[in-house]
>>> print(open('data.pdb').read())   # PDB, C-alpha atoms and all ligand atoms
ATOM      1  CA  MET A  23      17.687   4.764 -15.675  1.00  0.00           C
ATOM      2  CA  VAL A  24      19.340   1.395 -15.181  1.00  0.00           C
ATOM      3  CA  ASP A  25      16.874  -1.365 -16.013  1.00  0.00           C
ATOM      4  CA  LEU A  26      17.836  -4.508 -14.163  1.00  0.00           C
ATOM      5  CA  SER A  27      17.826  -7.892 -15.852  1.00  0.00           C
ATOM      6  CA  GLN A  28      15.295 -10.504 -14.824  1.00  0.00           C
ATOM      7  CA  GLU A  29      18.107 -12.336 -13.075  1.00  0.00           C
ATOM      8  CA  ALA A  30      19.089  -9.279 -11.037  1.00  0.00           C
ATOM      9  CA  ILE A  31      15.452  -8.627 -10.114  1.00  0.00           C
ATOM     10  CA  GLY A  32      15.083 -12.274  -9.087  1.00  0.00           C
ATOM     11  CA  ASP A  33      18.204 -12.025  -6.915  1.00  0.00           C
ATOM     12  CA  ASN A  34      16.907  -8.846  -5.285  1.00  0.00           C
ATOM     13  CA  ILE A  35      13.543 -10.458  -4.527  1.00  0.00           C
ATOM     14  CA  GLY A  36      15.306 -13.462  -2.981  1.00  0.00           C
ATOM     15  CA  CYS A  37      17.412 -11.189  -0.822  1.00  0.00           C
ATOM     16  CA  VAL A  38      14.419  -9.088   0.289  1.00  0.00           C
ATOM     17  CA  ARG A  39      12.473 -12.255   1.131  1.00  0.00           C
ATOM     18  CA  GLU A  40      15.350 -13.521   3.306  1.00  0.00           C
ATOM     19  CA  ARG A  41      15.476 -10.232   5.174  1.00  0.00           C
ATOM     20  CA  ILE A  42      11.680 -10.309   5.620  1.00  0.00           C
ATOM     21  CA  GLU A  43      11.905 -13.805   7.044  1.00  0.00           C
ATOM     22  CA  ALA A  44      14.663 -12.871   9.498  1.00  0.00           C
ATOM     23  CA  ALA A  45      12.808  -9.752  10.662  1.00  0.00           C
ATOM     24  CA  ALA A  46       9.553 -11.708  11.018  1.00  0.00           C
ATOM     25  CA  ARG A  47      11.363 -14.276  13.148  1.00  0.00           C
ATOM     26  CA  ARG A  48      12.767 -11.523  15.361  1.00  0.00           C
ATOM     27  CA  SER A  49       9.195 -10.316  15.910  1.00  0.00           C
ATOM     28  CA  GLY A  50       7.963 -13.791  16.802  1.00  0.00           C
ATOM     29  CA  ARG A  51       6.245 -14.365  13.468  1.00  0.00           C
ATOM     30  CA  THR A  52       6.982 -16.107  10.167  1.00  0.00           C
ATOM     31  CA  ALA A  53       7.493 -14.800   6.632  1.00  0.00           C
ATOM     32  CA  ASP A  54       3.924 -15.953   5.848  1.00  0.00           C
ATOM     33  CA  ASP A  55       2.666 -13.178   8.118  1.00  0.00           C
ATOM     34  CA  VAL A  56       4.223 -10.488   5.917  1.00  0.00           C
ATOM     35  CA  THR A  57       3.093  -9.769   2.358  1.00  0.00           C
ATOM     36  CA  LEU A  58       5.633  -8.324  -0.072  1.00  0.00           C
ATOM     37  CA  LEU A  59       4.329  -5.695  -2.478  1.00  0.00           C
ATOM     38  CA  GLY A  60       6.667  -4.709  -5.324  1.00  0.00           C
ATOM     39  CA  VAL A  61       6.528  -0.950  -5.850  1.00  0.00           C
ATOM     40  CA  SER A  62       6.887  -0.537  -9.603  1.00  0.00           C
ATOM     41  CA  LYS A  63       6.303   3.195 -10.122  1.00  0.00           C
ATOM     42  CA  PHE A  64       8.593   4.709 -12.760  1.00  0.00           C
ATOM     43  CA  GLN A  65       9.873   1.248 -13.714  1.00  0.00           C
ATOM     44  CA  PRO A  66       9.469  -0.155 -17.223  1.00  0.00           C
ATOM     45  CA  VAL A  67       6.829  -2.833 -17.848  1.00  0.00           C
ATOM     46  CA  GLU A  68       9.559  -5.380 -18.643  1.00  0.00           C
ATOM     47  CA  SER A  69      10.840  -5.065 -15.079  1.00  0.00           C
ATOM     48  CA  LEU A  70       7.331  -5.586 -13.684  1.00  0.00           C
ATOM     49  CA  LEU A  71       6.866  -8.694 -15.811  1.00  0.00           C
ATOM     50  CA  ALA A  72      10.239  -9.981 -14.615  1.00  0.00           C
ATOM     51  CA  ALA A  73       9.220  -9.482 -10.984  1.00  0.00           C
ATOM     52  CA  VAL A  74       5.920 -11.295 -11.497  1.00  0.00           C
ATOM     53  CA  HIS A  75       7.833 -14.093 -13.237  1.00  0.00           C
ATOM     54  CA  CYS A  76      10.027 -14.284 -10.121  1.00  0.00           C
ATOM     55  CA  GLY A  77       7.035 -14.743  -7.836  1.00  0.00           C
ATOM     56  CA  ILE A  78       5.826 -11.231  -6.985  1.00  0.00           C
ATOM     57  CA  LYS A  79       2.027 -11.399  -6.651  1.00  0.00           C
ATOM     58  CA  LEU A  80       1.269  -7.749  -5.871  1.00  0.00           C
ATOM     59  CA  LEU A  81       2.443  -4.565  -7.539  1.00  0.00           C
ATOM     60  CA  GLY A  82       2.056  -1.033  -6.212  1.00  0.00           C
ATOM     61  CA  GLU A  83       1.717   2.037  -8.421  1.00  0.00           C
ATOM     62  CA  SER A  84       1.399   5.629  -7.286  1.00  0.00           C
ATOM     63  CA  ARG A  85      -0.218   7.268 -10.308  1.00  0.00           C
ATOM     64  CA  VAL A  86      -3.426   6.334 -12.096  1.00  0.00           C
ATOM     65  CA  GLN A  87      -2.205   7.245 -15.566  1.00  0.00           C
ATOM     66  CA  GLU A  88       0.988   5.257 -15.266  1.00  0.00           C
ATOM     67  CA  ALA A  89      -0.922   2.205 -14.060  1.00  0.00           C
ATOM     68  CA  GLU A  90      -3.338   2.592 -16.939  1.00  0.00           C
ATOM     69  CA  GLU A  91      -0.491   2.665 -19.465  1.00  0.00           C
ATOM     70  CA  LYS A  92       1.173  -0.374 -17.951  1.00  0.00           C
ATOM     71  CA  ARG A  93      -2.019  -2.384 -17.716  1.00  0.00           C
ATOM     72  CA  SER A  94      -2.910  -1.598 -21.326  1.00  0.00           C
ATOM     73  CA  VAL A  95       0.219  -3.387 -22.583  1.00  0.00           C
ATOM     74  CA  TRP A  96       0.248  -6.117 -19.927  1.00  0.00           C
ATOM     75  CA  THR A  97       0.558  -9.683 -21.123  1.00  0.00           C
ATOM     76  CA  GLY A  98       0.316 -12.901 -19.194  1.00  0.00           C
ATOM     77  CA  GLU A  99      -0.364 -13.540 -15.574  1.00  0.00           C
ATOM     78  CA  ASN A 100      -1.969 -10.592 -13.808  1.00  0.00           C
ATOM     79  CA  PRO A 101      -0.747  -9.677 -10.341  1.00  0.00           C
ATOM     80  CA  GLU A 102      -2.905  -7.823  -7.832  1.00  0.00           C
ATOM     81  CA  TRP A 103      -2.528  -4.062  -8.351  1.00  0.00           C
ATOM     82  CA  HIS A 104      -2.497  -1.678  -5.400  1.00  0.00           C
ATOM     83  CA  MET A 105      -2.812   2.094  -5.544  1.00  0.00           C
ATOM     84  CA  ILE A 106      -0.294   3.526  -3.073  1.00  0.00           C
ATOM     85  CA  GLY A 107      -0.127   7.182  -4.121  1.00  0.00           C
ATOM     86  CA  HIS A 108      -2.392  10.108  -3.385  1.00  0.00           C
ATOM     87  CA  LEU A 109      -5.649   9.728  -5.287  1.00  0.00           C
ATOM     88  CA  GLN A 110      -7.586  12.718  -6.566  1.00  0.00           C
ATOM     89  CA  ARG A 111     -11.355  12.446  -6.551  1.00  0.00           C
ATOM     90  CA  ASN A 112     -11.602  13.043 -10.288  1.00  0.00           C
ATOM     91  CA  LYS A 113      -9.504   9.899 -10.863  1.00  0.00           C
ATOM     92  CA  ALA A 114     -11.630   7.724  -8.585  1.00  0.00           C
ATOM     93  CA  ARG A 115     -13.480   5.993 -11.412  1.00  0.00           C
ATOM     94  CA  LYS A 116     -10.321   5.045 -13.253  1.00  0.00           C
ATOM     95  CA  ALA A 117      -8.659   3.924 -10.059  1.00  0.00           C
ATOM     96  CA  LEU A 118     -11.546   1.572  -9.292  1.00  0.00           C
ATOM     97  CA  ALA A 119     -11.227   0.048 -12.748  1.00  0.00           C
ATOM     98  CA  LEU A 120      -7.460  -0.386 -12.527  1.00  0.00           C
ATOM     99  CA  PHE A 121      -6.745  -1.368  -8.940  1.00  0.00           C
ATOM    100  CA  ASP A 122      -7.716  -4.214  -6.633  1.00  0.00           C
ATOM    101  CA  CYS A 123      -7.064  -2.164  -3.511  1.00  0.00           C
ATOM    102  CA  ILE A 124      -6.514   1.508  -2.691  1.00  0.00           C
ATOM    103  CA  GLU A 125      -3.998   1.808   0.142  1.00  0.00           C
ATOM    104  CA  SER A 126      -4.086   5.593   0.223  1.00  0.00           C
ATOM    105  CA  LEU A 127      -7.660   6.420   1.229  1.00  0.00           C
ATOM    106  CA  ASP A 128      -7.339   9.573   3.316  1.00  0.00           C
ATOM    107  CA  SER A 129     -10.536  11.605   3.208  1.00  0.00           C
ATOM    108  CA  ALA A 130     -14.291  11.288   3.558  1.00  0.00           C
ATOM    109  CA  GLU A 131     -14.716  13.106   0.235  1.00  0.00           C
ATOM    110  CA  LEU A 132     -12.679  10.481  -1.589  1.00  0.00           C
ATOM    111  CA  ALA A 133     -14.491   7.642   0.191  1.00  0.00           C
ATOM    112  CA  GLU A 134     -17.864   9.116  -0.768  1.00  0.00           C
ATOM    113  CA  ALA A 135     -16.761   9.563  -4.395  1.00  0.00           C
ATOM    114  CA  LEU A 136     -15.677   5.911  -4.503  1.00  0.00           C
ATOM    115  CA  GLU A 137     -18.945   4.844  -2.902  1.00  0.00           C
ATOM    116  CA  ARG A 138     -21.051   6.684  -5.484  1.00  0.00           C
ATOM    117  CA  ILE A 139     -19.220   4.985  -8.348  1.00  0.00           C
ATOM    118  CA  LEU A 140     -19.331   1.544  -6.749  1.00  0.00           C
ATOM    119  CA  ASN A 141     -23.053   2.030  -6.241  1.00  0.00           C
ATOM    120  CA  GLU A 142     -23.708   2.546  -9.943  1.00  0.00           C
ATOM    121  CA  ALA A 143     -22.751  -1.039 -10.697  1.00  0.00           C
ATOM    122  CA  GLN A 144     -25.495  -3.612 -11.161  1.00  0.00           C
ATOM    123  CA  GLU A 145     -23.544  -6.166  -9.270  1.00  0.00           C
ATOM    124  CA  LYS A 146     -22.634  -4.905  -5.829  1.00  0.00           C
ATOM    125  CA  ARG A 147     -19.105  -5.551  -4.738  1.00  0.00           C
ATOM    126  CA  SER A 148     -17.088  -4.719  -1.717  1.00  0.00           C
ATOM    127  CA  PHE A 149     -13.952  -2.767  -2.524  1.00  0.00           C
ATOM    128  CA  PRO A 150     -10.944  -3.122  -0.189  1.00  0.00           C
ATOM    129  CA  VAL A 151      -9.067  -0.070   1.018  1.00  0.00           C
ATOM    130  CA  PHE A 152      -6.448   0.787   3.587  1.00  0.00           C
ATOM    131  CA  VAL A 153      -6.737   4.120   5.370  1.00  0.00           C
ATOM    132  CA  GLU A 154      -3.515   6.109   5.095  1.00  0.00           C
ATOM    133  CA  ILE A 155      -2.450   7.748   8.332  1.00  0.00           C
ATOM    134  CA  ASN A 156       0.084  10.552   8.567  1.00  0.00           C
ATOM    135  CA  THR A 157       1.976   9.132  11.548  1.00  0.00           C
ATOM    136  CA  SER A 158       4.989  11.427  11.204  1.00  0.00           C
ATOM    137  CA  GLY A 159       3.061  14.697  11.171  1.00  0.00           C
ATOM    138  CA  GLU A 160       5.194  15.874   8.230  1.00  0.00           C
ATOM    139  CA  PRO A 161       3.077  18.476   6.429  1.00  0.00           C
ATOM    140  CA  ALA A 162       4.252  17.284   2.999  1.00  0.00           C
ATOM    141  CA  LYS A 163       2.771  13.859   3.624  1.00  0.00           C
ATOM    142  CA  HIS A 164      -0.721  12.767   2.710  1.00  0.00           C
ATOM    143  CA  GLY A 165      -2.860  10.717   5.024  1.00  0.00           C
ATOM    144  CA  VAL A 166      -5.365  11.528   7.722  1.00  0.00           C
ATOM    145  CA  LEU A 167      -3.931  12.780  10.999  1.00  0.00           C
ATOM    146  CA  PRO A 168      -4.163  10.270  13.854  1.00  0.00           C
ATOM    147  CA  ASP A 169      -6.669  12.426  15.744  1.00  0.00           C
ATOM    148  CA  ASP A 170      -9.011  12.508  12.757  1.00  0.00           C
ATOM    149  CA  ALA A 171      -8.881   8.801  11.929  1.00  0.00           C
ATOM    150  CA  LEU A 172     -11.819   7.637  14.036  1.00  0.00           C
ATOM    151  CA  LYS A 173     -14.091  10.254  12.490  1.00  0.00           C
ATOM    152  CA  LEU A 174     -13.079   9.095   8.992  1.00  0.00           C
ATOM    153  CA  PHE A 175     -13.743   5.482   9.981  1.00  0.00           C
ATOM    154  CA  ASP A 176     -17.192   6.429  11.306  1.00  0.00           C
ATOM    155  CA  THR A 177     -18.064   8.237   8.082  1.00  0.00           C
ATOM    156  CA  ILE A 178     -16.969   5.329   5.904  1.00  0.00           C
ATOM    157  CA  MET A 179     -18.764   2.778   8.048  1.00  0.00           C
ATOM    158  CA  GLN A 180     -21.984   4.811   8.048  1.00  0.00           C
ATOM    159  CA  HIS A 181     -22.058   6.129   4.500  1.00  0.00           C
ATOM    160  CA  CYS A 182     -19.899   3.844   2.385  1.00  0.00           C
ATOM    161  CA  PRO A 183     -21.202   0.271   2.625  1.00  0.00           C
ATOM    162  CA  SER A 184     -19.412  -0.723  -0.609  1.00  0.00           C
ATOM    163  CA  ILE A 185     -16.008   0.024   0.898  1.00  0.00           C
ATOM    164  CA  THR A 186     -14.268  -2.398   3.231  1.00  0.00           C
ATOM    165  CA  ILE A 187     -11.440  -1.036   5.345  1.00  0.00           C
ATOM    166  CA  GLU A 188      -8.920  -3.872   5.538  1.00  0.00           C
ATOM    167  CA  GLY A 189      -6.052  -2.068   7.159  1.00  0.00           C
ATOM    168  CA  LEU A 190      -3.948   1.006   7.768  1.00  0.00           C
ATOM    169  CA  MET A 191      -1.069   2.381   5.739  1.00  0.00           C
ATOM    170  CA  THR A 192       1.669   4.840   6.584  1.00  0.00           C
ATOM    171  CA  ILE A 193       4.926   6.187   5.206  1.00  0.00           C
ATOM    172  CA  GLY A 194       7.729   6.592   7.729  1.00  0.00           C
ATOM    173  CA  PRO A 195       9.340  10.007   8.236  1.00  0.00           C
ATOM    174  CA  LEU A 196      12.046  11.160   5.879  1.00  0.00           C
ATOM    175  CA  THR A 197      15.026  10.756   8.215  1.00  0.00           C
ATOM    176  CA  ASP A 198      17.836   8.354   9.113  1.00  0.00           C
ATOM    177  CA  ASP A 199      16.772   8.417  12.739  1.00  0.00           C
ATOM    178  CA  GLU A 200      15.797   4.850  13.605  1.00  0.00           C
ATOM    179  CA  CYS A 201      13.930   5.965  16.746  1.00  0.00           C
ATOM    180  CA  ALA A 202      11.768   8.418  14.843  1.00  0.00           C
ATOM    181  CA  ILE A 203      11.001   5.868  12.129  1.00  0.00           C
ATOM    182  CA  ARG A 204      10.117   3.163  14.648  1.00  0.00           C
ATOM    183  CA  ALA A 205       7.941   5.626  16.600  1.00  0.00           C
ATOM    184  CA  SER A 206       5.935   6.268  13.467  1.00  0.00           C
ATOM    185  CA  PHE A 207       5.446   2.529  12.871  1.00  0.00           C
ATOM    186  CA  SER A 208       4.558   1.754  16.462  1.00  0.00           C
ATOM    187  CA  LEU A 209       2.021   4.586  16.360  1.00  0.00           C
ATOM    188  CA  LEU A 210       0.357   2.904  13.373  1.00  0.00           C
ATOM    189  CA  ARG A 211       0.276  -0.407  15.268  1.00  0.00           C
ATOM    190  CA  GLU A 212      -1.289   1.284  18.297  1.00  0.00           C
ATOM    191  CA  MET A 213      -3.826   3.014  16.083  1.00  0.00           C
ATOM    192  CA  GLY A 214      -4.712  -0.351  14.568  1.00  0.00           C
ATOM    193  CA  ASN A 215      -5.362  -1.745  18.046  1.00  0.00           C
ATOM    194  CA  SER A 216      -7.429   1.223  19.132  1.00  0.00           C
ATOM    195  CA  LEU A 217      -9.474   1.445  15.910  1.00  0.00           C
ATOM    196  CA  ARG A 218     -10.106  -2.295  16.059  1.00  0.00           C
ATOM    197  CA  ASN A 219     -11.471  -1.894  19.571  1.00  0.00           C
ATOM    198  CA  ARG A 220     -13.570   1.116  18.812  1.00  0.00           C
ATOM    199  CA  THR A 221     -15.055  -0.002  15.485  1.00  0.00           C
ATOM    200  CA  GLY A 222     -15.136  -3.797  15.708  1.00  0.00           C
ATOM    201  CA  LEU A 223     -13.437  -4.026  12.299  1.00  0.00           C
ATOM    202  CA  TYR A 224     -10.894  -6.785  11.800  1.00  0.00           C
ATOM    203  CA  LEU A 225      -8.257  -4.520  10.184  1.00  0.00           C
ATOM    204  CA  LYS A 226      -6.008  -7.345   9.093  1.00  0.00           C
ATOM    205  CA  HIS A 227      -3.217  -5.263   7.596  1.00  0.00           C
ATOM    206  CA  LEU A 228      -0.640  -2.720   8.644  1.00  0.00           C
ATOM    207  CA  SER A 229       1.050  -1.561   5.438  1.00  0.00           C
ATOM    208  CA  MET A 230       4.321  -0.006   6.556  1.00  0.00           C
ATOM    209  CA  GLY A 231       7.968  -0.305   5.581  1.00  0.00           C
ATOM    210  CA  MET A 232       9.802   0.521   2.342  1.00  0.00           C
ATOM    211  CA  SER A 233      13.271  -0.412   1.024  1.00  0.00           C
ATOM    212  CA  GLY A 234      15.128   1.570   3.673  1.00  0.00           C
ATOM    213  CA  ASP A 235      13.074   0.627   6.713  1.00  0.00           C
ATOM    214  CA  PHE A 236      11.029  -2.532   6.122  1.00  0.00           C
ATOM    215  CA  GLU A 237      12.906  -4.607   8.703  1.00  0.00           C
ATOM    216  CA  TRP A 238      12.157  -2.079  11.455  1.00  0.00           C
ATOM    217  CA  ALA A 239       8.558  -1.960  10.245  1.00  0.00           C
ATOM    218  CA  ILE A 240       8.217  -5.752  10.514  1.00  0.00           C
ATOM    219  CA  GLU A 241       9.715  -5.686  13.996  1.00  0.00           C
ATOM    220  CA  GLU A 242       7.041  -3.081  14.849  1.00  0.00           C
ATOM    221  CA  GLY A 243       4.254  -5.297  13.529  1.00  0.00           C
ATOM    222  CA  SER A 244       3.970  -4.649   9.785  1.00  0.00           C
ATOM    223  CA  THR A 245       2.038  -7.255   7.779  1.00  0.00           C
ATOM    224  CA  PHE A 246       2.578  -5.594   4.431  1.00  0.00           C
ATOM    225  CA  VAL A 247       5.836  -4.113   3.135  1.00  0.00           C
ATOM    226  CA  ARG A 248       6.112  -1.945   0.021  1.00  0.00           C
ATOM    227  CA  VAL A 249       9.529  -2.366  -1.589  1.00  0.00           C
ATOM    228  CA  GLY A 250      10.542  -0.486  -4.734  1.00  0.00           C
ATOM    229  CA  THR A 251      14.246   0.215  -5.209  1.00  0.00           C
ATOM    230  CA  GLY A 252      15.186  -2.861  -3.176  1.00  0.00           C
ATOM    231  CA  ILE A 253      13.647  -4.984  -5.943  1.00  0.00           C
ATOM    232  CA  PHE A 254      13.839  -2.904  -9.114  1.00  0.00           C
ATOM    233  CA  GLY A 255      16.892  -0.733  -8.504  1.00  0.00           C
ATOM    234  CA  ILE A 256      16.991   3.036  -8.602  1.00  0.00           C
ATOM    235  CA  ARG A 257      14.269   4.911 -10.447  1.00  0.00           C
ATOM    236  CA  THR A 258      14.375   8.288 -12.121  1.00  0.00           C
ATOM    237  CA  PRO A 259      11.061  10.087 -11.690  1.00  0.00           C
TER
HETATM  238  C1  LIG A 301       7.779   4.814  -3.675  1.00  0.00           C
HETATM  239  C2  LIG A 301       6.995   4.260  -2.559  1.00  0.00           C
HETATM  240  C3  LIG A 301       7.421   3.093  -1.878  1.00  0.00           C
HETATM  241  C4  LIG A 301       8.695   2.351  -2.189  1.00  0.00           C
HETATM  242  O1  LIG A 301       9.828   3.096  -1.918  1.00  0.00           O
HETATM  243  P1  LIG A 301      11.295   2.436  -1.962  1.00  0.00           P
HETATM  244  O2  LIG A 301      12.078   3.265  -1.049  1.00  0.00           O
HETATM  245  O3  LIG A 301      11.731   2.522  -3.383  1.00  0.00           O
HETATM  246  O4  LIG A 301      11.164   1.026  -1.516  1.00  0.00           O
HETATM  247  C5  LIG A 301       6.603   2.605  -0.877  1.00  0.00           C
HETATM  248  N1  LIG A 301       5.449   3.214  -0.543  1.00  0.00           N
HETATM  249  C6  LIG A 301       5.017   4.320  -1.168  1.00  0.00           C
HETATM  250  C7  LIG A 301       3.730   4.934  -0.743  1.00  0.00           C
HETATM  251  C8  LIG A 301       5.777   4.886  -2.175  1.00  0.00           C
HETATM  252  O5  LIG A 301       5.335   6.003  -2.787  1.00  0.00           O
END
>>> encode(input="data.pdb", output="structure tokens")
Amino acid sequence: MVDLSQEAIGDNIGCVRERIEAAARRSGRTADDVTLLGVSKFQPVESLLAAVHCGIKLLGESRVQEAEEKRSVWTGENPEWHMIGHLQRNKARKALALFDCIESLDSAELAEALERILNEAQEKRSFPVFVEINTSGEPAKHGVLPDDALKLFDTIMQHCPSITIEGLMTIGPLTDDECAIRASFSLLREMGNSLRNRTGLYLKHLSMGMSGDFEWAIEEGSTFVRVGTGIFGIRTP
């Protein structure tokens, strides 16, 4: 694996921010409307620290154990940590201790497991999640299918008062086809509109767009882009 220097990471972040700003402008918005999350899975802690030093305020990790290892040696200013990978129910407790937001909530069973743990605490808190939607229909992808999303929302709103759904998340299809990728993002935007109407939730965020497609995602309405290799360079899983 090639670990980039702090300078190279800083340059990458600057370049990504410029592209975010240009795409936001094309969609009639400003860069302030789009949050940049640095996806740091499989990257060494030094690279994460460099990114935070260069102004990254949120980091995304896809595995509980890796996040735990990184947080245990973390020094200095803490960013916000987001869970972006599939979360197994038996890791729910650890995930709640390690992350500030779970972007990959995709089942009632997981929501209910989170709720039970949150309920044990003396001090009640409201834990933010995004619901992951499988907008591409690819069977290998996690996320609730669009047709099942409303039911999941109803369950969470009725049975999980400690969980606040703040947005939707999706991963674009694995293809070079711009039309197919944009269709997946515009479906998430439409689902946000419809779920907002039907539930009354604010649903501030649409988390969509990665290194290869974040500009299209912003043009389709993304408020939250998850960029890994574009900031940290290639990773070897
Ligand atoms: C790995 C990952 C990303 C970042 O991917 P890049 O192509 O490296 O930017 C974004 N979102 C999720 C859910 C991921 O697993």
>>> resolve_selection(input="data.pdb", expression="the PyMOL selection byres (((chain A and resi 111) around 9) and not hetatm)", output="list of chain:residue names")
A:Leu109, A:Gln110, A:Asn112, A:Lys113, A:Ala114, A:Arg115, A:Glu131, A:Leu132, A:Ala133, A:Ala135, A:Leu136
>>> write_last_selection(input="data.pdb", atoms="C-alpha atoms", output="CSV table (one decimal), in the coordinates of the input")
chain,number,residue,atom,x,y,z
A,109,LEU,CA,-5.6,9.7,-5.3
A,110,GLN,CA,-7.6,12.7,-6.6
A,112,ASN,CA,-11.6,13.0,-10.3
A,113,LYS,CA,-9.5,9.9,-10.9
A,114,ALA,CA,-11.6,7.7,-8.6
A,115,ARG,CA,-13.5,6.0,-11.4
A,131,GLU,CA,-14.7,13.1,0.2
A,132,LEU,CA,-12.7,10.5,-1.6
A,133,ALA,CA,-14.5,7.6,0.2
A,135,ALA,CA,-16.8,9.6,-4.4
A,136,LEU,CA,-15.7,5.9,-4.5
>>> residues_near_point(input="data.pdb", point="(-5.5, 7.1, 4.7)", cutoff="6 Å", atoms="only C-alpha atoms", output="tab-separated table (two decimals) with C-alpha atoms, in the frame of the given file")
chain	number	residue	atom	x	y	z
A	126	SER	CA	-4.09	5.59	0.22
A	127	LEU	CA	-7.66	6.42	1.23
A	128	ASP	CA	-7.34	9.57	3.32
A	153	VAL	CA	-6.74	4.12	5.37
A	154	GLU	CA	-3.52	6.11	5.10
A	155	ILE	CA	-2.45	7.75	8.33
A	165	GLY	CA	-2.86	10.72	5.02
A	166	VAL	CA	-5.36	11.53	7.72
>>> closest_atom_pairs(input="data.pdb", of="chain A", to="ligand LIG 301 (chain A)", cutoff="12 Å", atoms="all atoms listed in the file", output="Markdown table")
| residue | atom | partner | partner_atom | distance |
| --- | --- | --- | --- | --- |
| A:Val38 | CA | A:LIG301 | O4 | 10.8 |
| A:Leu58 | CA | A:LIG301 | O4 | 11.0 |
| A:Leu59 | CA | A:LIG301 | C5 | 8.8 |
| A:Gly60 | CA | A:LIG301 | C4 | 8.0 |
| A:Val61 | CA | A:LIG301 | C4 | 5.4 |
| A:Ser62 | CA | A:LIG301 | C1 | 8.0 |
| A:Lys63 | CA | A:LIG301 | C1 | 6.8 |
| A:Phe64 | CA | A:LIG301 | C1 | 9.1 |
| A:Gln65 | CA | A:LIG301 | O3 | 10.6 |
| A:Leu81 | CA | A:LIG301 | C5 | 10.6 |
| A:Gly82 | CA | A:LIG301 | N1 | 7.9 |
| A:Glu83 | CA | A:LIG301 | O5 | 7.8 |
| A:Ser84 | CA | A:LIG301 | O5 | 6.0 |
| A:Arg85 | CA | A:LIG301 | O5 | 9.4 |
| A:His104 | CA | A:LIG301 | C7 | 10.2 |
| A:Met105 | CA | A:LIG301 | C7 | 8.6 |
| A:Ile106 | CA | A:LIG301 | C7 | 4.9 |
| A:Gly107 | CA | A:LIG301 | C7 | 5.6 |
| A:His108 | CA | A:LIG301 | C7 | 8.4 |
| A:Leu109 | CA | A:LIG301 | C7 | 11.5 |
| A:Ile124 | CA | A:LIG301 | C7 | 11.0 |
| A:Glu125 | CA | A:LIG301 | C7 | 8.4 |
| A:Ser126 | CA | A:LIG301 | C7 | 7.9 |
| A:Leu127 | CA | A:LIG301 | C7 | 11.7 |
| A:Phe152 | CA | A:LIG301 | C7 | 11.8 |
| A:Glu154 | CA | A:LIG301 | C7 | 9.4 |
| A:Ile155 | CA | A:LIG301 | C7 | 11.3 |
| A:Asn156 | CA | A:LIG301 | C7 | 11.5 |
| A:Lys163 | CA | A:LIG301 | C7 | 10.0 |
| A:His164 | CA | A:LIG301 | C7 | 9.6 |
| A:Gly165 | CA | A:LIG301 | C7 | 10.5 |
| A:Met191 | CA | A:LIG301 | C7 | 8.5 |
| A:Thr192 | CA | A:LIG301 | C7 | 7.6 |
| A:Ile193 | CA | A:LIG301 | C7 | 6.2 |
| A:Gly194 | CA | A:LIG301 | N1 | 9.2 |
| A:Pro195 | CA | A:LIG301 | C7 | 11.7 |
| A:Leu196 | CA | A:LIG301 | O2 | 10.5 |
| A:Ser229 | CA | A:LIG301 | N1 | 8.8 |
| A:Met230 | CA | A:LIG301 | N1 | 7.9 |
| A:Gly231 | CA | A:LIG301 | C5 | 7.2 |
| A:Met232 | CA | A:LIG301 | O4 | 4.1 |
| A:Ser233 | CA | A:LIG301 | O4 | 3.6 |
| A:Gly234 | CA | A:LIG301 | O2 | 5.9 |
| A:Asp235 | CA | A:LIG301 | O2 | 8.3 |
| A:Phe236 | CA | A:LIG301 | O4 | 8.4 |
| A:Glu237 | CA | A:LIG301 | O4 | 11.8 |
| A:Phe246 | CA | A:LIG301 | N1 | 10.5 |
| A:Val247 | CA | A:LIG301 | C5 | 7.9 |
| A:Arg248 | CA | A:LIG301 | C5 | 4.7 |
| A:Val249 | CA | A:LIG301 | O4 | 3.8 |
| A:Gly250 | CA | A:LIG301 | O3 | 3.5 |
| A:Thr251 | CA | A:LIG301 | O3 | 3.9 |
| A:Gly252 | CA | A:LIG301 | O4 | 5.8 |
| A:Ile253 | CA | A:LIG301 | O4 | 7.9 |
| A:Phe254 | CA | A:LIG301 | O3 | 8.2 |
| A:Gly255 | CA | A:LIG301 | O3 | 8.0 |
| A:Ile256 | CA | A:LIG301 | O3 | 7.4 |
| A:Arg257 | CA | A:LIG301 | O3 | 7.9 |
| A:Thr258 | CA | A:LIG301 | O3 | 10.8 |
| A:Pro259 | CA | A:LIG301 | C1 | 10.1 |
>>> closest_residue(input="data.pdb", among="A:Leu225, A:Cys182, A:Ile139, A:Leu217", to="Asp169 in chain A", atoms="all atoms listed in the file")
A:Leu217
>>> resolve_selection(input="data.pdb", expression="the PyMOL selection byres (((chain A and resi 175) around 10) and not hetatm)", output="MDAnalysis selection string")
chainID A and resid 129:130 153 170:174 176:182 187 217 220:221 223
>>> atom_distance(input="data.pdb", atom1="CA of Leu80 in chain A", atom2="CA of Asp25 in chain A")
19.7 Å
>>> axis_aligned_box(input="data.pdb", around="range 222-228 of chain A", padding_each_side="6 Å", output="AutoDock Vina command-line options")
--center_x -7.9 --center_y -5.0 --center_z 11.7 --size_x 26.5 --size_y 16.6 --size_z 20.1
>>> closest_residue(input="data.pdb", among="A:Lys226, A:Ala44, A:Thr57, A:Arg39", to="Trp238 in chain A", atoms="all atoms listed in the file")
A:Ala44
>>> atom_distance(input="data.pdb", atom1="CA of Pro101 in chain A", atom2="CA of Val67 in chain A")
12.7 Å
>>> closest_residue(input="data.pdb", among="A:Val95, A:Ala73, A:Val56, A:Ala30", to="Ala239 in chain A", atoms="only C-alpha atoms")
A:Val56
>>> atom_distance(input="data.pdb", atom1="CA of Ser184 in chain A", atom2="CA of Arg211 in chain A")
25.3 Å
>>> residues_near_point(input="data.pdb", point="(-4.9, -11.8, -10.8)", cutoff="12 Å", atoms="only C-alpha atoms", output="list in words")
Val74, Ile78, Lys79, Leu80, Leu81, Trp96, Thr97, Gly98, Glu99, Asn100, Pro101, Glu102, Trp103, His104, Leu120, Phe121 and Asp122 of chain A
